[in-house]
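**Q** Here you go, this is data.cif (mmCIF, C-alpha atoms).
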```cif
data_model
#
loop_
_atom_site.group_PDB
_atom_site.id
_atom_site.type_symbol
_atom_site.label_atom_id
_atom_site.label_comp_id
_atom_site.auth_asym_id
_atom_site.auth_seq_id
_atom_site.Cartn_x
_atom_site.Cartn_y
_atom_site.Cartn_z
ATOM 1 C CA MET L 1 109.522 95.259 113.833
ATOM 2 C CA THR L 2 110.676 91.632 113.454
ATOM 3 C CA ASP L 3 113.422 90.471 111.088
ATOM 4 C CA ARG L 4 111.974 87.642 109.019
ATOM 5 C CA SER L 5 114.830 86.623 106.672
ATOM 6 C CA ARG L 6 118.341 87.482 105.564
ATOM 7 C CA SER L 7 119.168 89.197 102.303
ATOM 8 C CA PRO L 8 122.386 89.205 100.259
ATOM 9 C CA PHE L 9 123.876 92.528 99.241
ATOM 10 C CA TRP L 10 122.789 93.662 95.806
ATOM 11 C CA GLY L 11 123.480 96.377 93.216
ATOM 12 C CA SER L 12 123.838 100.114 93.561
ATOM 13 C CA THR L 13 121.163 101.432 91.209
ATOM 14 C CA VAL L 14 117.434 100.900 91.020
ATOM 15 C CA LEU L 15 114.379 100.970 88.823
ATOM 16 C CA VAL L 16 111.840 98.633 90.454
ATOM 17 C CA THR L 17 109.551 96.503 88.268
ATOM 18 C CA ALA L 18 107.052 94.411 90.214
ATOM 19 C CA ALA L 19 105.688 91.201 88.739
ATOM 20 C CA LEU L 20 104.059 88.064 90.102
ATOM 21 C CA GLY L 21 105.886 84.797 89.483
ATOM 22 C CA ALA L 22 104.144 81.548 88.666
ATOM 23 C CA LEU L 23 104.750 79.782 91.974
ATOM 24 C CA ALA L 24 102.549 77.101 93.439
ATOM 25 C CA SER L 25 101.686 79.132 96.547
ATOM 26 C CA PRO L 26 100.268 82.650 95.927
ATOM 27 C CA ALA L 27 101.616 83.722 99.321
ATOM 28 C CA ARG L 28 105.163 83.130 98.087
ATOM 29 C CA ALA L 29 104.780 84.629 94.610
ATOM 30 C CA GLU L 30 107.852 86.466 93.370
ATOM 31 C CA VAL L 31 107.952 90.234 93.302
ATOM 32 C CA ILE L 32 110.696 90.941 90.768
ATOM 33 C CA VAL L 33 112.468 94.284 90.674
ATOM 34 C CA GLU L 34 114.695 95.816 88.016
ATOM 35 C CA SER L 35 117.210 98.495 88.921
ATOM 36 C CA TRP L 36 119.300 101.282 87.369
ATOM 37 C CA VAL L 37 120.337 104.933 87.659
ATOM 38 C CA ARG L 38 119.019 107.226 84.914
ATOM 39 C CA PRO L 39 121.719 107.714 82.264
ATOM 40 C CA ALA L 40 122.570 111.035 80.662
ATOM 41 C CA GLY L 41 120.584 111.940 77.568
ATOM 42 C CA ASP L 42 116.957 112.274 76.563
ATOM 43 C CA ALA L 43 114.176 109.732 77.071
ATOM 44 C CA ALA L 44 115.692 107.441 74.412
ATOM 45 C CA ALA L 45 118.688 106.827 76.685
ATOM 46 C CA LEU L 46 116.460 104.735 78.958
ATOM 47 C CA GLU L 47 115.646 102.403 76.087
ATOM 48 C CA ALA L 48 119.250 101.659 75.141
ATOM 49 C CA ALA L 49 119.953 97.944 74.976
ATOM 50 C CA THR L 50 123.304 98.501 76.687
ATOM 51 C CA LEU L 51 121.774 100.073 79.797
ATOM 52 C CA PRO L 52 122.726 97.765 82.714
ATOM 53 C CA ARG L 53 119.819 96.556 84.787
ATOM 54 C CA THR L 54 119.603 94.328 87.849
ATOM 55 C CA LYS L 55 116.706 92.033 88.694
ATOM 56 C CA LEU L 56 115.768 91.087 92.241
ATOM 57 C CA ASP L 57 112.942 89.297 93.997
ATOM 58 C CA LEU L 58 111.855 91.581 96.846
ATOM 59 C CA ARG L 59 110.951 88.484 98.843
ATOM 60 C CA SER L 60 114.622 87.522 98.916
ATOM 61 C CA LEU L 61 115.330 90.595 101.065
ATOM 62 C CA ALA L 62 114.940 90.847 104.834
ATOM 63 C CA LEU L 63 111.247 91.349 105.563
ATOM 64 C CA THR L 64 109.914 93.180 108.585
ATOM 65 C CA GLU L 65 106.419 93.267 110.008
ATOM 66 C CA GLY L 66 104.470 95.610 112.210
ATOM 67 C CA ARG L 67 101.373 97.727 112.706
ATOM 68 C CA ARG L 68 101.366 100.835 110.540
ATOM 69 C CA PHE L 69 98.969 103.588 109.603
ATOM 70 C CA ASP L 70 98.291 103.540 105.866
ATOM 71 C CA ALA L 71 97.231 106.920 104.496
ATOM 72 C CA GLN L 72 95.653 105.314 101.436
ATOM 73 C CA TYR L 73 93.374 102.944 103.359
ATOM 74 C CA ASP L 74 93.118 105.608 106.096
ATOM 75 C CA LYS L 75 93.534 103.170 108.991
ATOM 76 C CA TYR L 76 96.013 101.082 110.966
ATOM 77 C CA LEU L 77 96.792 97.616 109.623
ATOM 78 C CA TRP L 78 99.515 95.017 110.014
ATOM 79 C CA PHE L 79 101.950 94.865 107.109
ATOM 80 C CA GLU L 80 104.856 92.636 106.129
ATOM 81 C CA GLY L 81 107.442 94.017 103.755
ATOM 82 C CA ILE L 82 110.481 96.243 103.382
ATOM 83 C CA PRO L 83 111.037 99.767 104.747
ATOM 84 C CA VAL L 84 112.112 101.921 101.804
ATOM 85 C CA VAL L 85 115.007 103.284 103.847
ATOM 86 C CA ASN L 86 116.333 99.718 104.252
ATOM 87 C CA LEU L 87 116.019 99.053 100.537
ATOM 88 C CA LEU L 88 117.865 102.264 99.685
ATOM 89 C CA ALA L 89 120.615 101.409 102.156
ATOM 90 C CA ARG L 90 121.232 98.153 100.275
ATOM 91 C CA LEU L 91 121.108 99.842 96.884
ATOM 92 C CA LYS L 92 123.694 102.482 97.777
ATOM 93 C CA PRO L 93 122.940 104.996 95.010
ATOM 94 C CA PRO L 94 125.840 107.214 93.896
ATOM 95 C CA ALA L 95 126.529 110.237 96.088
ATOM 96 C CA PRO L 96 125.243 112.950 93.671
ATOM 97 C CA VAL L 97 121.872 111.168 93.316
ATOM 98 C CA ASP L 98 119.290 112.740 95.626
ATOM 99 C CA LEU L 99 115.897 111.887 94.144
ATOM 100 C CA ALA L 100 114.130 108.551 93.721
ATOM 101 C CA LEU L 101 111.396 108.548 91.100
ATOM 102 C CA LEU L 102 108.840 105.990 92.276
ATOM 103 C CA HIS L 103 107.087 104.547 89.222
ATOM 104 C CA PHE L 104 103.756 102.789 89.612
ATOM 105 C CA ALA L 105 101.896 100.339 87.369
ATOM 106 C CA ASN L 106 99.198 102.867 86.454
ATOM 107 C CA GLY L 107 101.840 105.234 85.057
ATOM 108 C CA MET L 108 102.119 107.597 88.005
ATOM 109 C CA THR L 109 105.568 108.806 89.066
ATOM 110 C CA VAL L 110 106.091 110.191 92.568
ATOM 111 C CA PRO L 111 109.460 111.820 93.335
ATOM 112 C CA LEU L 112 110.942 110.982 96.730
ATOM 113 C CA PRO L 113 113.823 113.173 98.020
ATOM 114 C CA PHE L 114 115.202 110.257 99.985
ATOM 115 C CA ARG L 115 118.252 112.076 101.364
ATOM 116 C CA ASP L 116 116.008 114.498 103.277
ATOM 117 C CA PRO L 117 115.530 113.020 106.783
ATOM 118 C CA GLN L 118 112.490 115.200 107.472
ATOM 119 C CA VAL L 119 110.701 113.920 104.376
ATOM 120 C CA MET L 120 111.565 110.303 105.098
ATOM 121 C CA GLY L 121 110.546 110.711 108.731
ATOM 122 C CA GLN L 122 107.147 112.161 107.918
ATOM 123 C CA LEU L 123 106.292 109.640 105.209
ATOM 124 C CA ASP L 124 108.014 106.545 106.659
ATOM 125 C CA PRO L 125 107.563 104.806 103.260
ATOM 126 C CA PHE L 126 107.199 101.036 103.294
ATOM 127 C CA ILE L 127 106.803 98.482 100.491
ATOM 128 C CA ALA L 128 104.170 96.041 101.743
ATOM 129 C CA LEU L 129 104.144 92.503 100.371
ATOM 130 C CA GLY L 130 101.373 91.266 102.648
ATOM 131 C CA MET L 131 98.670 92.633 104.921
ATOM 132 C CA ARG L 132 96.391 91.494 107.730
ATOM 133 C CA PRO L 133 93.807 93.359 109.874
ATOM 134 C CA SER L 134 95.176 92.287 113.258
ATOM 135 C CA SER L 135 98.315 90.955 114.946
ATOM 136 C CA ALA L 136 97.190 87.346 114.456
ATOM 137 C CA GLY L 137 96.836 85.249 111.332
ATOM 138 C CA ALA L 138 98.676 84.901 108.045
ATOM 139 C CA TYR L 139 99.638 87.813 105.835
ATOM 140 C CA ASP L 140 97.503 88.080 102.715
ATOM 141 C CA PRO L 141 99.491 89.072 99.583
ATOM 142 C CA ALA L 142 96.253 90.356 97.994
ATOM 143 C CA PHE L 143 95.462 94.003 98.779
ATOM 144 C CA PRO L 144 91.811 95.156 98.556
ATOM 145 C CA PRO L 145 91.184 97.561 95.653
ATOM 146 C CA LEU L 146 90.184 101.162 96.313
ATOM 147 C CA THR L 147 87.131 102.813 94.824
ATOM 148 C CA ARG L 148 86.136 106.429 95.402
ATOM 149 C CA LYS L 149 83.745 109.020 94.043
ATOM 150 C CA ALA L 150 85.148 112.486 94.448
ATOM 151 C CA ARG L 151 83.349 115.813 94.488
ATOM 152 C CA GLU L 152 82.209 117.755 91.434
ATOM 153 C CA PHE L 153 81.613 114.606 89.375
ATOM 154 C CA ALA L 154 85.274 113.578 89.591
ATOM 155 C CA ASP L 155 85.284 109.798 89.455
ATOM 156 C CA VAL L 156 88.705 108.292 90.098
ATOM 157 C CA PRO L 157 89.299 104.826 88.547
ATOM 158 C CA VAL L 158 89.470 101.783 90.775
ATOM 159 C CA THR L 159 92.966 101.428 92.225
ATOM 160 C CA ARG L 160 94.147 97.811 92.132
ATOM 161 C CA PHE L 161 97.305 96.298 93.565
ATOM 162 C CA SER L 162 99.333 93.319 92.372
ATOM 163 C CA GLY L 163 102.362 92.033 94.246
ATOM 164 C CA ASN L 164 103.069 95.008 96.499
ATOM 165 C CA LYS L 165 101.645 98.210 97.889
ATOM 166 C CA MET L 166 103.355 101.461 98.875
ATOM 167 C CA VAL L 167 102.423 102.407 102.442
ATOM 168 C CA VAL L 168 103.002 105.964 103.674
ATOM 169 C CA ALA L 169 102.084 107.407 107.059
ATOM 170 C CA ARG L 170 100.721 110.681 105.642
ATOM 171 C CA ARG L 171 99.212 111.899 102.390
ATOM 172 C CA TRP L 172 101.587 114.840 102.551
ATOM 173 C CA HIS L 173 104.161 115.327 99.797
ATOM 174 C CA PRO L 174 106.943 117.959 99.883
ATOM 175 C CA ALA L 175 106.352 119.071 96.269
ATOM 176 C CA VAL L 176 102.664 119.875 96.819
ATOM 177 C CA GLY L 177 101.924 123.454 97.869
ATOM 178 C CA GLU L 178 100.576 124.094 101.347
ATOM 179 C CA GLN L 179 97.286 125.446 100.010
ATOM 180 C CA ALA L 180 96.753 122.215 98.070
ATOM 181 C CA GLN L 181 97.732 119.710 100.771
ATOM 182 C CA PRO L 182 94.190 119.334 102.220
ATOM 183 C CA GLU L 183 92.708 118.717 98.771
ATOM 184 C CA PHE L 184 95.311 116.779 96.828
ATOM 185 C CA SER L 185 97.865 114.027 97.394
ATOM 186 C CA PRO L 186 99.583 111.795 94.837
ATOM 187 C CA TRP L 187 99.723 109.016 97.432
ATOM 188 C CA ALA L 188 95.935 108.698 97.250
ATOM 189 C CA PHE L 189 96.050 107.367 93.673
ATOM 190 C CA VAL L 190 99.194 105.212 93.384
ATOM 191 C CA ASP L 191 98.904 101.454 92.867
ATOM 192 C CA THR L 192 101.633 98.794 92.612
ATOM 193 C CA LEU L 193 105.214 100.018 92.729
ATOM 194 C CA VAL L 194 106.991 98.945 89.552
ATOM 195 C CA ALA L 195 110.110 101.098 89.531
ATOM 196 C CA ILE L 196 112.525 103.245 91.482
ATOM 197 C CA GLU L 197 114.603 105.390 89.172
ATOM 198 C CA PHE L 198 117.501 107.304 90.730
ATOM 199 C CA VAL L 199 118.211 110.798 89.392
ATOM 200 C CA GLU L 200 119.857 114.038 90.418
ATOM 201 C CA ALA L 201 116.998 116.426 91.148
ATOM 202 C CA ARG L 202 118.463 119.637 89.742
ATOM 203 C CA PRO L 203 119.365 118.349 86.238
ATOM 204 C CA TYR L 204 116.205 116.223 86.130
ATOM 205 C CA TYR L 205 113.923 119.229 86.582
ATOM 206 C CA ARG L 206 116.179 121.336 84.375
ATOM 207 C CA GLN L 207 114.805 119.307 81.460
ATOM 208 C CA PHE L 208 111.397 120.937 81.921
ATOM 209 C CA ASP L 209 112.767 124.485 82.318
ATOM 210 C CA VAL L 210 112.529 125.583 78.686
ATOM 211 C CA ASP L 211 111.831 129.309 79.179
ATOM 212 C CA SER L 212 112.830 131.478 82.154
ATOM 213 C CA GLU L 213 109.692 133.610 81.675
ATOM 214 C CA THR L 214 107.403 130.610 82.243
ATOM 215 C CA ARG L 215 108.950 129.333 85.484
ATOM 216 C CA PRO L 216 105.823 130.172 87.524
ATOM 217 C CA GLY L 217 103.999 127.678 85.301
ATOM 218 C CA LEU L 218 106.798 125.140 85.750
ATOM 219 C CA ALA L 219 106.288 125.499 89.514
ATOM 220 C CA VAL L 220 102.590 124.656 89.066
ATOM 221 C CA PHE L 221 103.585 121.591 87.025
ATOM 222 C CA GLN L 222 105.924 120.401 89.783
ATOM 223 C CA GLN L 223 103.349 120.986 92.518
ATOM 224 C CA SER L 224 100.298 119.526 90.807
ATOM 225 C CA CYS L 225 100.924 117.835 87.446
ATOM 226 C CA GLN L 226 104.219 115.938 87.505
ATOM 227 C CA PHE L 227 102.777 112.939 89.358
ATOM 228 C CA CYS L 228 100.539 111.977 86.415
ATOM 229 C CA HIS L 229 101.931 113.817 83.370
ATOM 230 C CA GLY L 230 105.244 114.061 81.553
ATOM 231 C CA ALA L 231 106.569 115.833 78.480
ATOM 232 C CA ARG L 232 108.355 114.334 75.459
ATOM 233 C CA LYS L 233 108.276 110.931 77.213
ATOM 234 C CA VAL L 234 110.097 112.281 80.279
ATOM 235 C CA GLY L 235 108.169 111.827 83.519
ATOM 236 C CA ALA L 236 104.850 110.222 84.451
ATOM 237 C CA LYS L 237 102.561 108.412 82.018
ATOM 238 C CA PHE L 238 99.256 108.124 83.883
ATOM 239 C CA GLY L 239 97.788 111.093 82.003
ATOM 240 C CA TRP L 240 98.480 112.657 78.624
ATOM 241 C CA ASP L 241 101.987 113.567 77.585
ATOM 242 C CA PHE L 242 101.970 117.368 77.450
ATOM 243 C CA VAL L 243 103.773 117.447 74.097
ATOM 244 C CA GLU L 244 103.466 114.139 72.233
ATOM 245 C CA PRO L 245 101.737 113.232 69.991
ATOM 246 C CA ALA L 246 100.229 116.759 70.054
ATOM 247 C CA PRO L 247 101.022 119.719 72.340
ATOM 248 C CA LEU L 248 98.330 120.040 75.007
ATOM 249 C CA TYR L 249 98.306 123.839 74.841
ATOM 250 C CA SER L 250 96.969 123.637 71.280
ATOM 251 C CA TYR L 251 94.055 121.497 72.490
ATOM 252 C CA ARG L 252 93.269 123.488 75.628
ATOM 253 C CA LYS L 253 93.106 126.724 73.683
ATOM 254 C CA GLY L 254 93.645 129.556 76.129
ATOM 255 C CA GLU L 255 94.074 130.015 79.849
ATOM 256 C CA ALA L 256 90.367 130.096 80.700
ATOM 257 C CA ARG L 257 89.660 126.747 79.037
ATOM 258 C CA LEU L 258 92.540 125.122 80.885
ATOM 259 C CA TYR L 259 91.318 126.607 84.179
ATOM 260 C CA TYR L 260 87.826 125.127 83.828
ATOM 261 C CA HIS L 261 89.291 121.795 82.753
ATOM 262 C CA VAL L 262 91.533 121.332 85.795
ATOM 263 C CA ARG L 263 89.238 122.852 88.429
ATOM 264 C CA PHE L 264 85.898 121.315 87.417
ATOM 265 C CA ARG L 265 85.005 117.902 86.042
ATOM 266 C CA ARG L 266 82.336 117.022 83.504
ATOM 267 C CA TYR L 267 79.564 114.729 84.665
ATOM 268 C CA ASP L 268 80.655 112.267 81.949
ATOM 269 C CA ALA L 269 84.396 112.656 82.590
ATOM 270 C CA VAL L 270 85.040 108.932 83.053
ATOM 271 C CA GLU L 271 83.182 107.968 79.877
ATOM 272 C CA ARG L 272 85.310 110.512 78.021
ATOM 273 C CA GLY L 273 88.507 109.055 79.481
ATOM 274 C CA GLN L 274 89.139 112.094 81.684
ATOM 275 C CA ASN L 275 90.016 110.606 85.054
ATOM 276 C CA MET L 276 91.879 113.529 86.597
ATOM 277 C CA PRO L 277 90.417 114.638 89.929
ATOM 278 C CA ALA L 278 89.096 118.181 90.201
ATOM 279 C CA LEU L 279 91.933 120.392 91.471
ATOM 280 C CA LYS L 280 89.858 122.726 93.617
ATOM 281 C CA PHE L 281 92.919 124.591 94.853
ATOM 282 C CA MET L 282 93.848 125.730 91.334
ATOM 283 C CA THR L 283 93.405 129.479 90.797
ATOM 284 C CA ARG L 284 92.976 131.370 87.547
ATOM 285 C CA THR L 285 96.488 132.724 87.990
ATOM 286 C CA ASP L 286 97.854 129.196 88.457
ATOM 287 C CA ALA L 287 96.055 128.003 85.324
ATOM 288 C CA GLY L 288 97.295 130.996 83.343
ATOM 289 C CA ASN L 289 100.890 130.386 84.391
ATOM 290 C CA LEU L 290 100.547 126.689 83.621
ATOM 291 C CA TRP L 291 99.118 127.367 80.151
ATOM 292 C CA GLN L 292 102.023 129.692 79.327
ATOM 293 C CA TRP L 293 104.472 126.956 80.378
ATOM 294 C CA LEU L 294 102.545 124.350 78.364
ATOM 295 C CA LYS L 295 102.868 126.564 75.312
ATOM 296 C CA ALA L 296 106.596 127.005 75.911
ATOM 297 C CA ILE L 297 107.341 123.310 76.383
ATOM 298 C CA GLY L 298 105.133 122.477 73.388
ATOM 299 C CA THR L 299 107.095 124.776 71.087
ATOM 300 C CA LYS L 300 110.644 124.760 72.472
ATOM 301 C CA PRO L 301 113.094 121.843 72.778
ATOM 302 C CA MET L 302 113.801 120.270 76.149
ATOM 303 C CA VAL L 303 117.405 119.957 77.254
ATOM 304 C CA ALA L 304 118.800 116.479 77.795
ATOM 305 C CA TYR L 305 119.325 115.083 81.269
ATOM 306 C CA ALA L 306 122.908 115.950 82.253
ATOM 307 C CA PRO L 307 123.934 114.626 85.680
ATOM 308 C CA ARG L 308 127.262 115.611 87.194
#
```
Turn the structure described in the file into structure tokens.
**A**
Amino acid sequence: MTDRSRSPFWGSTVLVTAALGALASPARAEVIVESWVRPAGDAAALEAATLPRTKLDLRSLALTEGRRFDAQYDKYLWFEGIPVVNLLARLKPPAPVDLALLHFANGMTVPLPFRDPQVMGQLDPFIALGMRPSSAGAYDPAFPPLTRKAREFADVPVTRFSGNKMVVARRWHPAVGEQAQPEFSPWAFVDTLVAIEFVEARPYYRQFDVDSETRPGLAVFQQSCQFCHGARKVGAKFGWDFVEPAPLYSYRKGEARLYYHVRFRRYDAVERGQNMPALKFMTRTDAGNLWQWLKAIGTKPMVAYAPR
């Protein structure tokens, strides 16, 4: 890796919001980031006008370059950008914080347990600001879009990038069950990184634990659903909110209907606005547990986020 510029020290908390500035040269367009640690309270706490936020142009930080394997493009390319570990070192999140929620422009949210060296070593996450196919030539800030047609009529929307691209060395994610790893990865569908929200993992997930009897279903949510879906405006926003404006369990009436929905896709799924890939690893038991949890979270209040 080669150090390309120097960066001043900046704040201790992060939510990252990527945007392109109106500069004369597209190659030098700004990539603005906003940062904060999640405050205590429910989802409304994030909208408080008094919540302190910091803005930063990622291009003002020290950039590195090198040849990396990108699991999303499924090949080696040359990238210029910022290793996530370097960014986190500058941000210096508070000691109790152990989870970075990576928010993307399409509404996906991918949790990253950044204090786990094994996880960080396997993923080697990198925020790319430019790309080129070989060691020579200029870095192109425009990343080619991804199109794919999955099995069982599951058409995934075109993935487009604007300003940056998350590069990981593997499609593996620690929250995804071993049986699902060959079939499913959240990294396959993410687009432009727009936020990094720091939270404490235990109280964050405690919000979704509304009934001790439905914890097997909560486990399915964490392994398969949390990357695209949230509940009561907490979590991802790529897919439907599981509670608002209407509880999903009341629409997917019964365990069997939910099972066929998540495991198989209709031939006209895209036209109907159903862009979720077919989860071929999902069993009837998994779907039954998930439906019971969906019913619980649709009828019982969530606890507020309460960090130490």
**Q** Set the distance at 8 Å and use all atoms listed in the file: which residues neighbour His173 of chain L once local chain neighbours fewer than 3 positions away are removed? I'd like the list as a PDB file with C-alpha atoms, keeping the file's coordinate frame.
**A**
```pdb
ATOM      1  CA  VAL L 176     102.664 119.875  96.819  1.00  0.00           C
ATOM      2  CA  GLN L 181      97.732 119.710 100.771  1.00  0.00           C
ATOM      3  CA  SER L 185      97.865 114.027  97.394  1.00  0.00           C
ATOM      4  CA  PRO L 186      99.583 111.795  94.837  1.00  0.00           C
TER       5      PRO L 186
END
```
**Q** Can you tell me how far atom CA of Lys237 of chain L sits from atom CA of Gly107 of chain L, in Å to one decimal?
**A**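 Computed distance, atom CA of Lys237 of chain L to atom CA of Gly107 of chain L, equals 4.5 Å.
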**Q** With a cut-off of 9 Å, could you pull out the residues of segment 51-116 of chain L touching segment 224-229 of chain L and give me the nearest pair of atoms for each, distance in Å to one decimal, using only C-alpha atoms, ordered by chain and ascending number, as a Markdown table?
**A**
```
| residue | atom | partner | partner_atom | distance |
| --- | --- | --- | --- | --- |
| L:Gly107 | CA | L:Cys228 | CA | 7.0 |
| L:Met108 | CA | L:Cys228 | CA | 4.9 |
| L:Thr109 | CA | L:Phe227 | CA | 5.0 |
| L:Val110 | CA | L:Phe227 | CA | 5.4 |
| L:Pro111 | CA | L:Phe227 | CA | 7.9 |
```
**Q** Would you mind listing what lies within 8 Å of segment 94-100 of chain L as a list of chain:residue names, with all atoms listed in the file counted and same-chain residues fewer than 2 positions away left out?
**A**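 Near segment 94-100 of chain L, the qualifying residues are L:Ser12, L:Thr13, L:Lys92, L:Leu102, L:Pro111, L:Leu112, L:Pro113, L:Phe114, L:Arg115, L:Ile196, L:Glu197, L:Phe198, L:Val199, L:Glu200, L:Ala201, L:Arg308.
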**Q** Which distance in Å separates atom CA of Phe69 of chain L and atom CA of Pro141 of chain L, to one decimal?
**A** 17.6 Å
**Q** So that I can check the surroundings of Glu255 of chain L, please list as a list in words every protein, DNA and RNA residue that reaches within 7 Å of it, counting all atoms listed in the file and ignoring chain neighbours fewer than 5 positions away.
**A**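 Counting only the stated atoms, we get Ala287, Gly288 and Trp291 of chain L.
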**Q** Just say which residues the PyMOL selection byres ((chain L and resi 159) around 7) picks in this file, as number ranges by chain.
**A** L: 145-147, 157-158, 160-161, 189, 191
**Q** Which neighbours of Thr192 of chain L fall inside 8 Å, counting only C-alpha atoms, when residues of the same chain fewer than 4 positions from it are skipped, and could you give them as a PyMOL selection string?
**A** chain L and resi 18+104-106+160-166
**Q** Using all atoms listed in the file, can you tell me which of L:Ala29, L:Leu58, L:Ala296, L:Leu101 comes closest to Val234 of chain L?
**A** L:Leu101
**Q** At what distance in Å, to one decimal, does atom CA of Gly130 of chain L lie from atom CA of Ala142 of chain L?
**A**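 Taking atom CA of Ala142 of chain L and atom CA of Gly130 of chain L, their separation equals 7.0 Å.
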**Q** Find the residues with any atom within 7 Å of (111.2, 103.5, 99.9); use all atoms listed in the file and the coordinates as given in the file, and write the answer as a PyMOL selection string.
**A** chain L and resi 83-85+87-88+125-127
**Q** Would you list the contacts of Ala180 of chain L as a PyMOL selection string, taking every protein, DNA or RNA residue within 9 Å and counting all atoms listed in the file, but skipping same-chain residues closer than 2 positions in sequence?
**A** chain L and resi 176-178+182-185+223-224+279-282
**Q** Working from the structure I just supplied, which lacks atoms in segment 91-106 of chain L, can you model N, CA, C and O atoms there and output them as a compact mmCIF listing (two decimals), in the frame of the given file?
**A**
```txt
# COMPACT_ATOMS: atom_id res chain seq x y z
N LEU L 91 120.84 99.45 98.27
CA LEU L 91 121.11 99.84 96.88
C LEU L 91 122.32 100.76 96.76
O LEU L 91 123.00 100.75 95.75
N LYS L 92 122.55 101.57 97.76
CA LYS L 92 123.69 102.48 97.78
C LYS L 92 123.81 103.29 96.48
O LYS L 92 124.76 103.15 95.72
N PRO L 93 122.86 104.17 96.22
CA PRO L 93 122.94 105.00 95.01
C PRO L 93 124.15 105.91 95.07
O PRO L 93 124.62 106.26 96.15
N PRO L 94 124.67 106.33 93.92
CA PRO L 94 125.84 107.21 93.90
C PRO L 94 125.59 108.49 94.68
O PRO L 94 124.45 108.99 94.76
N ALA L 95 126.63 109.07 95.22
CA ALA L 95 126.53 110.24 96.09
C ALA L 95 125.77 111.41 95.48
O ALA L 95 124.96 112.05 96.17
N PRO L 96 125.96 111.79 94.20
CA PRO L 96 125.24 112.95 93.67
C PRO L 96 123.74 112.74 93.55
O PRO L 96 122.97 113.69 93.49
N VAL L 97 123.29 111.48 93.49
CA VAL L 97 121.87 111.17 93.32
C VAL L 97 121.12 111.54 94.59
O VAL L 97 121.50 111.14 95.69
N ASP L 98 120.03 112.31 94.45
CA ASP L 98 119.29 112.74 95.63
C ASP L 98 117.78 112.62 95.47
O ASP L 98 117.03 113.07 96.33
N LEU L 99 117.33 112.02 94.38
CA LEU L 99 115.90 111.89 94.14
C LEU L 99 115.59 110.50 93.61
O LEU L 99 116.23 110.04 92.67
N ALA L 100 114.61 109.84 94.21
CA ALA L 100 114.13 108.55 93.72
C ALA L 100 112.77 108.76 93.08
O ALA L 100 111.84 109.24 93.73
N LEU L 101 112.67 108.46 91.80
CA LEU L 101 111.40 108.55 91.10
C LEU L 101 110.68 107.21 91.26
O LEU L 101 111.10 106.20 90.71
N LEU L 102 109.61 107.21 92.03
CA LEU L 102 108.84 105.99 92.28
C LEU L 102 107.81 105.83 91.16
O LEU L 102 106.88 106.63 91.04
N HIS L 103 107.99 104.80 90.34
CA HIS L 103 107.09 104.55 89.22
C HIS L 103 106.08 103.48 89.63
O HIS L 103 106.45 102.46 90.20
N PHE L 104 104.83 103.71 89.27
CA PHE L 104 103.76 102.79 89.61
C PHE L 104 103.12 102.21 88.35
O PHE L 104 103.24 102.77 87.26
N ALA L 105 102.43 101.07 88.51
CA ALA L 105 101.90 100.34 87.37
C ALA L 105 100.91 101.16 86.56
O ALA L 105 100.80 100.98 85.34
N ASN L 106 100.18 102.07 87.20
CA ASN L 106 99.20 102.87 86.45
C ASN L 106 99.82 104.02 85.70
O ASN L 106 99.12 104.79 85.03
```
